[in-house]
>>> print(open('work_37.pdb').read())   # PDB, C-alpha atoms, pLDDT in the B column
ATOM      1  CA  ILE A 416       0.000   0.000   0.000  1.00 39.00           C
ATOM      2  CA  SER A 417       1.637   3.219  -1.119  1.00 41.00           C
ATOM      3  CA  GLY A 418      -0.726   5.532   0.721  1.00 48.00           C
ATOM      4  CA  VAL A 419      -4.291   6.308   1.644  1.00 49.00           C
ATOM      5  CA  ARG A 420      -6.598   6.603  -1.344  1.00 49.00           C
ATOM      6  CA  GLN A 421      -8.502   9.871  -1.548  1.00 49.00           C
ATOM      7  CA  GLU A 422     -11.242   9.287  -4.136  1.00 51.00           C
ATOM      8  CA  ASN A 423     -13.828  10.877  -1.826  1.00 53.00           C
ATOM      9  CA  ASP A 424     -12.970  14.561  -1.565  1.00 68.00           C
ATOM     10  CA  ASN A 425     -15.968  15.300   0.651  1.00 85.00           C
ATOM     11  CA  THR A 426     -14.422  13.691   3.739  1.00 93.00           C
ATOM     12  CA  ASN A 427     -11.928  15.809   5.658  1.00 96.00           C
ATOM     13  CA  LEU A 428      -9.179  13.761   7.269  1.00 96.00           C
ATOM     14  CA  ILE A 429      -7.610  15.412  10.324  1.00 97.00           C
ATOM     15  CA  ILE A 430      -4.770  13.507  11.985  1.00 97.00           C
ATOM     16  CA  TYR A 431      -3.440  14.188  15.470  1.00 98.00           C
ATOM     17  CA  SER A 432      -0.021  12.598  15.871  1.00 95.00           C
ATOM     18  CA  SER A 433       2.260  14.599  18.111  1.00 95.00           C
ATOM     19  CA  PRO A 434       5.959  14.052  18.922  1.00 95.00           C
ATOM     20  CA  CYS A 435       5.227  15.334  22.448  1.00 93.00           C
ATOM     21  CA  GLY A 436       3.918  12.990  25.118  1.00 89.00           C
ATOM     22  CA  GLY A 437       1.804  14.129  28.036  1.00 91.00           C
ATOM     23  CA  THR A 438       0.433  17.239  26.343  1.00 94.00           C
ATOM     24  CA  GLY A 439      -3.144  15.972  26.022  1.00 94.00           C
ATOM     25  CA  THR A 440      -3.116  15.208  22.314  1.00 96.00           C
ATOM     26  CA  SER A 441      -5.935  12.668  22.636  1.00 96.00           C
ATOM     27  CA  SER A 442      -8.092  15.090  24.599  1.00 96.00           C
ATOM     28  CA  VAL A 443      -7.576  17.772  21.952  1.00 97.00           C
ATOM     29  CA  ALA A 444      -8.385  15.294  19.160  1.00 98.00           C
ATOM     30  CA  ALA A 445     -11.576  14.187  20.911  1.00 98.00           C
ATOM     31  CA  ALA A 446     -12.538  17.832  21.501  1.00 97.00           C
ATOM     32  CA  CYS A 447     -11.945  18.549  17.814  1.00 98.00           C
ATOM     33  CA  ALA A 448     -14.380  15.765  16.879  1.00 98.00           C
ATOM     34  CA  LEU A 449     -16.939  17.118  19.341  1.00 98.00           C
ATOM     35  CA  HIS A 450     -16.478  20.651  17.995  1.00 97.00           C
ATOM     36  CA  PHE A 451     -17.329  19.664  14.432  1.00 97.00           C
ATOM     37  CA  SER A 452     -20.189  17.430  15.554  1.00 97.00           C
ATOM     38  CA  ARG A 453     -21.751  20.462  17.214  1.00 95.00           C
ATOM     39  CA  LYS A 454     -21.452  22.252  13.893  1.00 95.00           C
ATOM     40  CA  ASN A 455     -23.919  19.662  12.538  1.00 96.00           C
ATOM     41  CA  LYS A 456     -21.196  17.678  10.802  1.00 97.00           C
ATOM     42  CA  LYS A 457     -21.066  13.892  10.831  1.00 97.00           C
ATOM     43  CA  VAL A 458     -17.788  13.066  12.568  1.00 98.00           C
ATOM     44  CA  LEU A 459     -15.883   9.872  13.284  1.00 98.00           C
ATOM     45  CA  TYR A 460     -13.288   9.933  16.062  1.00 98.00           C
ATOM     46  CA  LEU A 461     -10.834   7.126  15.324  1.00 98.00           C
ATOM     47  CA  ASN A 462      -8.369   6.339  18.099  1.00 97.00           C
ATOM     48  CA  LEU A 463      -5.584   4.193  16.634  1.00 96.00           C
ATOM     49  CA  GLU A 464      -3.074   4.578  19.436  1.00 95.00           C
ATOM     50  CA  LYS A 465      -1.709   1.265  20.638  1.00 92.00           C
ATOM     51  CA  PHE A 466      -2.983   1.859  24.155  1.00 92.00           C
ATOM     52  CA  GLY A 467      -5.515   4.607  23.526  1.00 91.00           C
ATOM     53  CA  SER A 468      -9.216   4.494  24.254  1.00 92.00           C
ATOM     54  CA  SER A 469     -12.136   6.241  22.571  1.00 95.00           C
ATOM     55  CA  ASP A 470     -14.305   5.196  25.511  1.00 94.00           C
ATOM     56  CA  MET A 471     -12.462   7.659  27.739  1.00 94.00           C
ATOM     57  CA  PHE A 472     -14.172  10.461  25.818  1.00 96.00           C
ATOM     58  CA  PHE A 473     -17.350   9.052  24.303  1.00 96.00           C
ATOM     59  CA  GLN A 474     -20.051   6.664  25.467  1.00 92.00           C
ATOM     60  CA  GLY A 475     -22.514   4.543  23.536  1.00 88.00           C
ATOM     61  CA  GLU A 476     -23.983   1.075  23.388  1.00 85.00           C
ATOM     62  CA  SER A 477     -22.652  -1.595  21.054  1.00 81.00           C
ATOM     63  CA  LEU A 478     -21.841  -5.278  21.105  1.00 86.00           C
ATOM     64  CA  PHE A 479     -18.761  -4.663  18.971  1.00 92.00           C
ATOM     65  CA  ASP A 480     -15.373  -2.940  19.337  1.00 93.00           C
ATOM     66  CA  MET A 481     -12.050  -2.425  17.542  1.00 95.00           C
ATOM     67  CA  SER A 482     -11.204  -6.101  17.954  1.00 94.00           C
ATOM     68  CA  ASP A 483     -13.983  -6.883  15.477  1.00 93.00           C
ATOM     69  CA  ILE A 484     -12.583  -4.326  13.029  1.00 93.00           C
ATOM     70  CA  ILE A 485      -9.060  -5.733  13.381  1.00 93.00           C
ATOM     71  CA  TYR A 486     -10.356  -9.259  12.771  1.00 91.00           C
ATOM     72  CA  ALA A 487     -12.142  -8.095   9.628  1.00 90.00           C
ATOM     73  CA  LEU A 488      -8.981  -6.384   8.401  1.00 90.00           C
ATOM     74  CA  LYS A 489      -6.876  -9.453   8.978  1.00 88.00           C
ATOM     75  CA  SER A 490      -9.275 -12.155   7.817  1.00 85.00           C
ATOM     76  CA  LYS A 491      -9.936 -10.699   4.341  1.00 76.00           C
ATOM     77  CA  LYS A 492     -13.130 -12.801   4.388  1.00 74.00           C
ATOM     78  CA  VAL A 493     -15.504 -10.204   5.801  1.00 76.00           C
ATOM     79  CA  ASN A 494     -17.161  -7.321   3.976  1.00 86.00           C
ATOM     80  CA  LEU A 495     -15.153  -4.570   5.643  1.00 89.00           C
ATOM     81  CA  ALA A 496     -17.486  -1.730   4.672  1.00 89.00           C
ATOM     82  CA  MET A 497     -20.445  -3.491   6.277  1.00 90.00           C
ATOM     83  CA  LYS A 498     -18.374  -4.307   9.356  1.00 91.00           C
ATOM     84  CA  LEU A 499     -17.306  -0.684   9.727  1.00 94.00           C
ATOM     85  CA  GLU A 500     -20.934   0.383   9.640  1.00 93.00           C
ATOM     86  CA  SER A 501     -22.278  -2.293  11.981  1.00 92.00           C
ATOM     87  CA  CYS A 502     -19.580  -1.884  14.653  1.00 94.00           C
ATOM     88  CA  VAL A 503     -19.596   1.892  15.006  1.00 96.00           C
ATOM     89  CA  ASN A 504     -20.980   3.555  18.147  1.00 96.00           C
ATOM     90  CA  GLN A 505     -22.550   6.988  18.468  1.00 96.00           C
ATOM     91  CA  ASP A 506     -22.084   9.197  21.496  1.00 96.00           C
ATOM     92  CA  VAL A 507     -25.122  11.069  22.832  1.00 94.00           C
ATOM     93  CA  ARG A 508     -23.486  14.285  21.574  1.00 95.00           C
ATOM     94  CA  GLY A 509     -23.328  12.932  18.055  1.00 96.00           C
ATOM     95  CA  VAL A 510     -19.714  11.804  17.601  1.00 97.00           C
ATOM     96  CA  TYR A 511     -19.211   8.357  16.054  1.00 97.00           C
ATOM     97  CA  TYR A 512     -16.415   6.135  17.336  1.00 97.00           C
ATOM     98  CA  TYR A 513     -15.203   2.559  17.798  1.00 96.00           C
ATOM     99  CA  SER A 514     -14.840   1.200  21.320  1.00 95.00           C
ATOM    100  CA  HIS A 515     -11.381   0.088  22.406  1.00 93.00           C
ATOM    101  CA  PRO A 516     -10.691  -3.656  22.205  1.00 91.00           C
ATOM    102  CA  LYS A 517     -11.322  -5.658  25.343  1.00 86.00           C
ATOM    103  CA  VAL A 518      -7.714  -6.857  25.143  1.00 88.00           C
ATOM    104  CA  ALA A 519      -5.260  -4.003  24.551  1.00 86.00           C
ATOM    105  CA  LEU A 520      -2.816  -6.331  22.821  1.00 92.00           C
ATOM    106  CA  ASP A 521      -5.219  -6.578  19.872  1.00 92.00           C
ATOM    107  CA  MET A 522      -4.171  -3.072  18.787  1.00 93.00           C
ATOM    108  CA  LEU A 523      -0.591  -4.304  18.454  1.00 91.00           C
ATOM    109  CA  GLU A 524      -1.817  -6.574  15.658  1.00 91.00           C
ATOM    110  CA  MET A 525      -2.475  -3.551  13.459  1.00 90.00           C
ATOM    111  CA  SER A 526       0.384  -2.695  11.133  1.00 88.00           C
ATOM    112  CA  SER A 527       0.857   0.677   9.444  1.00 85.00           C
ATOM    113  CA  GLU A 528      -0.383  -0.964   6.245  1.00 87.00           C
ATOM    114  CA  ASP A 529      -3.571  -2.047   8.057  1.00 90.00           C
ATOM    115  CA  ILE A 530      -4.105   1.500   9.309  1.00 91.00           C
ATOM    116  CA  CYS A 531      -3.584   2.882   5.796  1.00 89.00           C
ATOM    117  CA  PHE A 532      -6.165   0.484   4.427  1.00 91.00           C
ATOM    118  CA  LEU A 533      -8.655   1.133   7.235  1.00 93.00           C
ATOM    119  CA  ILE A 534      -8.541   4.898   6.766  1.00 94.00           C
ATOM    120  CA  SER A 535      -8.839   4.454   3.002  1.00 92.00           C
ATOM    121  CA  GLU A 536     -11.956   2.331   3.354  1.00 93.00           C
ATOM    122  CA  LEU A 537     -13.543   4.757   5.802  1.00 95.00           C
ATOM    123  CA  ARG A 538     -12.959   7.666   3.441  1.00 93.00           C
ATOM    124  CA  LEU A 539     -14.277   5.753   0.487  1.00 92.00           C
ATOM    125  CA  THR A 540     -17.608   5.106   2.223  1.00 91.00           C
ATOM    126  CA  GLY A 541     -18.303   8.836   2.155  1.00 92.00           C
ATOM    127  CA  ALA A 542     -20.221   8.394   5.409  1.00 94.00           C
ATOM    128  CA  TYR A 543     -18.489  11.195   7.326  1.00 97.00           C
ATOM    129  CA  ASP A 544     -17.817  14.882   6.863  1.00 97.00           C
ATOM    130  CA  TYR A 545     -14.797  14.619   9.154  1.00 97.00           C
ATOM    131  CA  ILE A 546     -12.619  11.728  10.273  1.00 98.00           C
ATOM    132  CA  VAL A 547     -10.467  12.741  13.240  1.00 98.00           C
ATOM    133  CA  VAL A 548      -7.636  10.254  13.745  1.00 97.00           C
ATOM    134  CA  ASP A 549      -5.611   9.947  16.946  1.00 97.00           C
ATOM    135  CA  LEU A 550      -2.377   8.195  15.986  1.00 96.00           C
ATOM    136  CA  ASP A 551       0.930   7.357  17.644  1.00 94.00           C
ATOM    137  CA  PHE A 552       3.724   9.525  16.259  1.00 94.00           C
ATOM    138  CA  GLY A 553       6.163   7.943  13.832  1.00 91.00           C
ATOM    139  CA  LEU A 554       8.375   8.716  10.861  1.00 87.00           C
ATOM    140  CA  ASP A 555       8.482   5.302   9.196  1.00 84.00           C
ATOM    141  CA  ILE A 556       7.482   5.192   5.548  1.00 80.00           C
ATOM    142  CA  ASN A 557       3.994   3.772   6.133  1.00 80.00           C
ATOM    143  CA  THR A 558       3.153   6.331   8.809  1.00 84.00           C
ATOM    144  CA  LEU A 559       4.405   9.066   6.487  1.00 85.00           C
ATOM    145  CA  ASN A 560       2.001   7.778   3.839  1.00 83.00           C
ATOM    146  CA  ILE A 561      -0.841   8.201   6.321  1.00 86.00           C
ATOM    147  CA  TYR A 562       0.305  11.736   7.121  1.00 88.00           C
ATOM    148  CA  LYS A 563       0.456  12.626   3.435  1.00 85.00           C
ATOM    149  CA  ALA A 564      -3.206  11.687   3.028  1.00 86.00           C
ATOM    150  CA  ALA A 565      -4.320  14.049   5.804  1.00 92.00           C
ATOM    151  CA  ASP A 566      -6.025  17.292   4.930  1.00 94.00           C
ATOM    152  CA  LYS A 567      -4.649  18.668   8.193  1.00 95.00           C
ATOM    153  CA  LEU A 568      -1.938  17.233  10.466  1.00 96.00           C
ATOM    154  CA  LEU A 569      -1.924  18.463  14.063  1.00 97.00           C
ATOM    155  CA  TRP A 570       0.802  18.418  16.676  1.00 97.00           C
ATOM    156  CA  VAL A 571       0.055  19.351  20.280  1.00 97.00           C
ATOM    157  CA  GLY A 572       2.580  20.914  22.661  1.00 96.00           C
ATOM    158  CA  ASP A 573       2.336  22.562  26.063  1.00 96.00           C
ATOM    159  CA  GLY A 574       4.920  25.318  25.663  1.00 95.00           C
ATOM    160  CA  SER A 575       7.369  23.713  28.079  1.00 95.00           C
ATOM    161  CA  GLU A 576      11.076  23.609  27.301  1.00 95.00           C
ATOM    162  CA  LEU A 577      10.957  19.857  26.709  1.00 96.00           C
ATOM    163  CA  SER A 578       7.867  20.017  24.504  1.00 96.00           C
ATOM    164  CA  ASN A 579       9.276  22.848  22.398  1.00 96.00           C
ATOM    165  CA  SER A 580      12.557  21.005  21.960  1.00 97.00           C
ATOM    166  CA  LYS A 581      10.763  17.893  20.686  1.00 97.00           C
ATOM    167  CA  ILE A 582       8.657  19.938  18.281  1.00 96.00           C
ATOM    168  CA  ARG A 583      11.710  21.739  16.872  1.00 96.00           C
ATOM    169  CA  ARG A 584      13.633  18.492  16.386  1.00 95.00           C
ATOM    170  CA  ALA A 585      10.660  16.691  14.832  1.00 95.00           C
ATOM    171  CA  TYR A 586       9.968  19.578  12.477  1.00 94.00           C
ATOM    172  CA  GLN A 587      13.619  19.665  11.475  1.00 93.00           C
ATOM    173  CA  ALA A 588      13.485  15.930  10.766  1.00 91.00           C
ATOM    174  CA  VAL A 589      10.383  16.095   8.556  1.00 89.00           C
ATOM    175  CA  SER A 590      11.768  19.128   6.722  1.00 88.00           C
ATOM    176  CA  VAL A 591      14.950  17.221   5.859  1.00 88.00           C
ATOM    177  CA  MET A 592      12.882  14.220   4.770  1.00 85.00           C
ATOM    178  CA  GLU A 593      10.856  16.463   2.448  1.00 82.00           C
ATOM    179  CA  GLN A 594      14.017  17.732   0.801  1.00 82.00           C
ATOM    180  CA  ASN A 595      15.374  14.227   0.253  1.00 76.00           C
ATOM    181  CA  SER A 596      12.231  12.469  -0.951  1.00 71.00           C
ATOM    182  CA  GLU A 597       8.733  12.926  -2.333  1.00 67.00           C
ATOM    183  CA  VAL A 598       7.264  13.106   1.170  1.00 67.00           C
ATOM    184  CA  ALA A 599       5.489  16.452   1.586  1.00 75.00           C
ATOM    185  CA  PHE A 600       3.208  17.404   4.408  1.00 80.00           C
ATOM    186  CA  THR A 601       4.710  20.364   6.305  1.00 86.00           C
ATOM    187  CA  ASP A 602       2.322  22.640   4.375  1.00 89.00           C
ATOM    188  CA  LYS A 603      -0.604  20.945   6.143  1.00 92.00           C
ATOM    189  CA  LEU A 604       1.064  20.794   9.565  1.00 94.00           C
ATOM    190  CA  TYR A 605      -0.384  22.837  12.436  1.00 96.00           C
ATOM    191  CA  LEU A 606       0.451  23.262  16.114  1.00 97.00           C
ATOM    192  CA  ILE A 607      -1.964  23.594  19.027  1.00 97.00           C
ATOM    193  CA  TYR A 608      -0.871  24.490  22.538  1.00 96.00           C
ATOM    194  CA  ASN A 609      -2.635  22.631  25.337  1.00 96.00           C
ATOM    195  CA  LYS A 610      -2.169  22.841  29.116  1.00 94.00           C
ATOM    196  CA  PHE A 611      -0.349  26.092  28.426  1.00 94.00           C
ATOM    197  CA  SER A 612       0.817  28.150  31.402  1.00 90.00           C
ATOM    198  CA  ASN A 613       1.354  31.889  30.969  1.00 87.00           C
ATOM    199  CA  LYS A 614       3.918  31.727  33.760  1.00 87.00           C
ATOM    200  CA  THR A 615       6.145  28.936  32.456  1.00 88.00           C
ATOM    201  CA  GLY A 616       5.096  28.297  28.866  1.00 92.00           C
ATOM    202  CA  LYS A 617       6.817  29.784  25.835  1.00 94.00           C
ATOM    203  CA  ASP A 618       6.103  29.872  22.128  1.00 93.00           C
ATOM    204  CA  VAL A 619       8.103  27.332  20.147  1.00 94.00           C
ATOM    205  CA  GLY A 620       9.424  30.150  17.979  1.00 91.00           C
ATOM    206  CA  ASP A 621       9.277  30.877  14.268  1.00 91.00           C
ATOM    207  CA  ILE A 622      10.298  27.505  12.843  1.00 91.00           C
ATOM    208  CA  GLY A 623       7.800  27.406   9.976  1.00 90.00           C
ATOM    209  CA  ILE A 624       4.971  25.550  11.679  1.00 93.00           C
ATOM    210  CA  LYS A 625       1.559  27.254  11.784  1.00 93.00           C
ATOM    211  CA  VAL A 626       0.094  27.850  15.263  1.00 94.00           C
ATOM    212  CA  VAL A 627      -3.718  27.869  15.365  1.00 94.00           C
ATOM    213  CA  GLY A 628      -4.376  28.482  19.048  1.00 94.00           C
ATOM    214  CA  GLY A 629      -4.279  26.908  22.446  1.00 92.00           C
ATOM    215  CA  ALA A 630      -5.852  26.314  25.835  1.00 94.00           C
ATOM    216  CA  GLN A 631      -4.820  26.673  29.431  1.00 92.00           C
ATOM    217  CA  VAL A 632      -4.819  23.980  32.098  1.00 90.00           C
ATOM    218  CA  PHE A 633      -8.348  23.223  33.312  1.00 90.00           C
ATOM    219  CA  LEU A 634      -7.950  22.750  37.047  1.00 87.00           C
ATOM    220  CA  HIS A 635     -10.179  20.344  38.977  1.00 87.00           C
ATOM    221  CA  ALA A 636     -11.897  19.145  35.780  1.00 90.00           C
ATOM    222  CA  ASN A 637     -12.476  15.533  34.792  1.00 93.00           C
ATOM    223  CA  THR A 638     -11.894  14.189  31.279  1.00 92.00           C
ATOM    224  CA  ALA A 639     -15.432  14.844  30.074  1.00 92.00           C
ATOM    225  CA  GLU A 640     -15.354  18.414  31.362  1.00 94.00           C
ATOM    226  CA  VAL A 641     -11.971  19.060  29.730  1.00 95.00           C
ATOM    227  CA  ILE A 642     -13.075  18.053  26.242  1.00 95.00           C
ATOM    228  CA  GLU A 643     -16.308  20.014  26.648  1.00 95.00           C
ATOM    229  CA  GLN A 644     -14.273  23.147  27.395  1.00 94.00           C
ATOM    230  CA  LEU A 645     -11.733  22.465  24.646  1.00 96.00           C
ATOM    231  CA  ALA A 646     -14.507  21.928  22.088  1.00 95.00           C
ATOM    232  CA  LEU A 647     -15.616  25.530  22.613  1.00 93.00           C
ATOM    233  CA  LYS A 648     -12.255  26.904  21.520  1.00 92.00           C
ATOM    234  CA  GLY A 649     -12.122  28.812  18.257  1.00 90.00           C
ATOM    235  CA  MET A 650      -8.847  27.164  17.243  1.00 93.00           C
ATOM    236  CA  PHE A 651     -10.671  24.283  15.585  1.00 94.00           C
ATOM    237  CA  SER A 652     -12.362  26.684  13.165  1.00 90.00           C
ATOM    238  CA  GLU A 653      -8.868  27.446  11.863  1.00 88.00           C
ATOM    239  CA  ILE A 654      -8.487  23.880  10.610  1.00 90.00           C
ATOM    240  CA  SER A 655     -11.985  23.322   9.196  1.00 82.00           C
TER     241      SER A 655
END
>>> encode(input="work_37.pdb", output="structure tokens")
Amino acid sequence: ISGVRQENDNTNLIIYSSPCGGTGTSSVAAACALHFSRKNKKVLYLNLEKFGSSDMFFQGESLFDMSDIIYALKSKKVNLAMKLESCVNQDVRGVYYYSHPKVALDMLEMSSEDICFLISELRLTGAYDYIVVDLDFGLDINTLNIYKAADKLLWVGDGSELSNSKIRRAYQAVSVMEQNSEVAFTDKLYLIYNKFSNKTGKDVGDIGIKVVGGAQVFLHANTAEVIEQLALKGMFSEIS
């Protein structure tokens, strides 16, 4: 698989895959999905992190989960499009998602090629206005193919010295890779600040990456309350 097919131009693919850990990338991705759902868009939040969980952010009722999707991908004997439709959950606020597998190790069965194919099939259905993908960061060739297919690629930092250093080094790496190959996605790369502190946080600096906004730390708030507050932020309108 050389990349994600894009025959359906009506589906916007937004990928969150940040080089910074601990900055709340998954929370921002989930809030992004909720934001567009509240704009009367049909949105799928697709958590493909190895140990991530959509159920931390959204709740629905279904007998199926990502294990069923992974089995369909691997078996090649199941109508994948029908499986994708029958296994999807819908949160009370409108966001569609797939529940995490009962056994976390099942996610380790998914290769980058499987992820490429899954995203391709979801786009080809034309069922969603937005697909918001939460993906582990990587710079291997198959992950780069996924990034290339994105309409928008989002990194999330918190303005700390460590976070800014990782963003600078990662951006430098992808810039060099663009110069040495046909990989090109820095033009669709955006940065969001999350858990930003005005006292200790600093801007990453003018390195070429577009900054669309940010959010402060929400004290004494649970996960559901955090994504509700993040979803209200105007920064997501900048990537619509």
>>> resolve_selection(input="work_37.pdb", expression="the PyMOL selection byres ((chain A and resi 603-612) around 7)", output="list in words")
Thr438, Gly439, Asp566, Lys567, Leu568, Leu569, Trp570, Val571, Gly572, Asp573, Gly574, Phe600, Thr601, Asp602, Asn613, Lys614, Thr615, Gly616, Ile624, Lys625, Val626, Val627, Gly628, Gly629, Ala630, Gln631 and Val632 of chain A
>>> write_last_selection(input="work_37.pdb", atoms="C-alpha atoms", output="PDB file, in the frame of the given file")
ATOM      1  CA  THR A 438       0.433  17.239  26.343  1.00 94.00           C
ATOM      2  CA  GLY A 439      -3.144  15.972  26.022  1.00 94.00           C
ATOM      3  CA  ASP A 566      -6.025  17.292   4.930  1.00 94.00           C
ATOM      4  CA  LYS A 567      -4.649  18.668   8.193  1.00 95.00           C
ATOM      5  CA  LEU A 568      -1.938  17.233  10.466  1.00 96.00           C
ATOM      6  CA  LEU A 569      -1.924  18.463  14.063  1.00 97.00           C
ATOM      7  CA  TRP A 570       0.802  18.418  16.676  1.00 97.00           C
ATOM      8  CA  VAL A 571       0.055  19.351  20.280  1.00 97.00           C
ATOM      9  CA  GLY A 572       2.580  20.914  22.661  1.00 96.00           C
ATOM     10  CA  ASP A 573       2.336  22.562  26.063  1.00 96.00           C
ATOM     11  CA  GLY A 574       4.920  25.318  25.663  1.00 95.00           C
ATOM     12  CA  PHE A 600       3.208  17.404   4.408  1.00 80.00           C
ATOM     13  CA  THR A 601       4.710  20.364   6.305  1.00 86.00           C
ATOM     14  CA  ASP A 602       2.322  22.640   4.375  1.00 89.00           C
ATOM     15  CA  ASN A 613       1.354  31.889  30.969  1.00 87.00           C
ATOM     16  CA  LYS A 614       3.918  31.727  33.760  1.00 87.00           C
ATOM     17  CA  THR A 615       6.145  28.936  32.456  1.00 88.00           C
ATOM     18  CA  GLY A 616       5.096  28.297  28.866  1.00 92.00           C
ATOM     19  CA  ILE A 624       4.971  25.550  11.679  1.00 93.00           C
ATOM     20  CA  LYS A 625       1.559  27.254  11.784  1.00 93.00           C
ATOM     21  CA  VAL A 626       0.094  27.850  15.263  1.00 94.00           C
ATOM     22  CA  VAL A 627      -3.718  27.869  15.365  1.00 94.00           C
ATOM     23  CA  GLY A 628      -4.376  28.482  19.048  1.00 94.00           C
ATOM     24  CA  GLY A 629      -4.279  26.908  22.446  1.00 92.00           C
ATOM     25  CA  ALA A 630      -5.852  26.314  25.835  1.00 94.00           C
ATOM     26  CA  GLN A 631      -4.820  26.673  29.431  1.00 92.00           C
ATOM     27  CA  VAL A 632      -4.819  23.980  32.098  1.00 90.00           C
TER      28      VAL A 632
END
>>> residues_around(input="work_37.pdb", residues="range 581-593 of chain A", least_positions_apart="2", cutoff="9 Å", atoms="all atoms listed in the file", output="JSON, numbers by chain")
{"A": [433, 434, 435, 554, 570, 571, 572, 576, 577, 578, 579, 595, 596, 597, 598, 599, 600, 601, 619, 620, 622, 623, 624]}
>>> residues_around(input="work_37.pdb", residues="Asn504 in chain A", least_positions_apart="6", cutoff="12 Å", atoms="all atoms listed in the file", output="list in words")
Val458, Leu459, Tyr460, Leu461, Ser469, Asp470, Phe473, Gln474, Gly475, Glu476, Ser477, Leu478, Phe479, Asp480, Met481, Val510, Tyr511, Tyr512, Tyr513, Ser514 and His515 of chain A
>>> closest_residue(input="work_37.pdb", among="A:Ala444, A:Gly437, A:Ser482, A:Glu653", to="Ile546 in chain A", atoms="all atoms listed in the file")
A:Ala444
>>> closest_residue(input="work_37.pdb", among="A:Ile429, A:Lys648, A:Ala639, A:Asp551", to="Leu523 in chain A", atoms="only C-alpha atoms")
A:Asp551
>>> atom_distance(input="work_37.pdb", atom1="CA of Glu524 in chain A", atom2="CA of Ile485 in chain A")
7.6 Å
>>> closest_residue(input="work_37.pdb", among="A:Leu647, A:Cys447, A:Ile484, A:Leu463", to="Leu550 in chain A", atoms="all atoms listed in the file")
A:Leu463
>>> residues_around(input="work_37.pdb", residues="Asp483 in chain A", least_positions_apart="3", cutoff="9 Å", atoms="only C-alpha atoms", output="PDB file with C-alpha atoms, keeping the file's coordinate frame")
ATOM      1  CA  PHE A 479     -18.761  -4.663  18.971  1.00 92.00           C
ATOM      2  CA  ASP A 480     -15.373  -2.940  19.337  1.00 93.00           C
ATOM      3  CA  TYR A 486     -10.356  -9.259  12.771  1.00 91.00           C
ATOM      4  CA  ALA A 487     -12.142  -8.095   9.628  1.00 90.00           C
ATOM      5  CA  LEU A 488      -8.981  -6.384   8.401  1.00 90.00           C
ATOM      6  CA  LYS A 498     -18.374  -4.307   9.356  1.00 91.00           C
ATOM      7  CA  CYS A 502     -19.580  -1.884  14.653  1.00 94.00           C
ATOM      8  CA  PRO A 516     -10.691  -3.656  22.205  1.00 91.00           C
TER       9      PRO A 516
END
>>> resolve_selection(input="work_37.pdb", expression="the PyMOL selection byres ((chain A and resi 563) around 8)", output="number ranges by chain")
A: 418, 559-562, 564-565, 598-600
>>> closest_residue(input="work_37.pdb", among="A:His635, A:Gly509, A:Glu536, A:Ala542", to="Lys454 in chain A", atoms="all atoms listed in the file")
A:Gly509
>>> atom_distance(input="work_37.pdb", atom1="CA of Phe552 in chain A", atom2="CA of Ser527 in chain A")
11.5 Å
>>> atom_distance(input="work_37.pdb", atom1="CA of His450 in chain A", atom2="CA of Val547 in chain A")
11.0 Å
>>> residues_around(input="work_37.pdb", residues="Asp544 in chain A", least_positions_apart="5", cutoff="7 Å", atoms="all atoms listed in the file", output="list in words")
Asn425, Thr426, Asn427, Lys456, Lys457 and Val458 of chain A
>>> closest_residue(input="work_37.pdb", among="A:Ile654, A:Lys489, A:Ala636, A:Ser441", to="Asp529 in chain A", atoms="only C-alpha atoms")
A:Lys489
>>> closest_residue(input="work_37.pdb", among="A:Leu645, A:Leu449, A:Leu428, A:Leu634", to="Gly541 in chain A", atoms="all atoms listed in the file")
A:Leu428
>>> residues_near_point(input="work_37.pdb", point="(-14.4, -1.6, 5.3)", cutoff="7 Å", atoms="all atoms listed in the file", output="list in words")
Asn494, Leu495, Ala496, Met497, Lys498, Leu499, Leu533, Glu536 and Leu537 of chain A
>>> axis_aligned_box(input="work_37.pdb", around="range 460-471 of chain A", padding_each_side="3 Å", output="JSON")
{"center_x": -8.0, "center_y": 5.6, "center_z": 21.5, "size_x": 18.6, "size_y": 14.7, "size_z": 18.4}
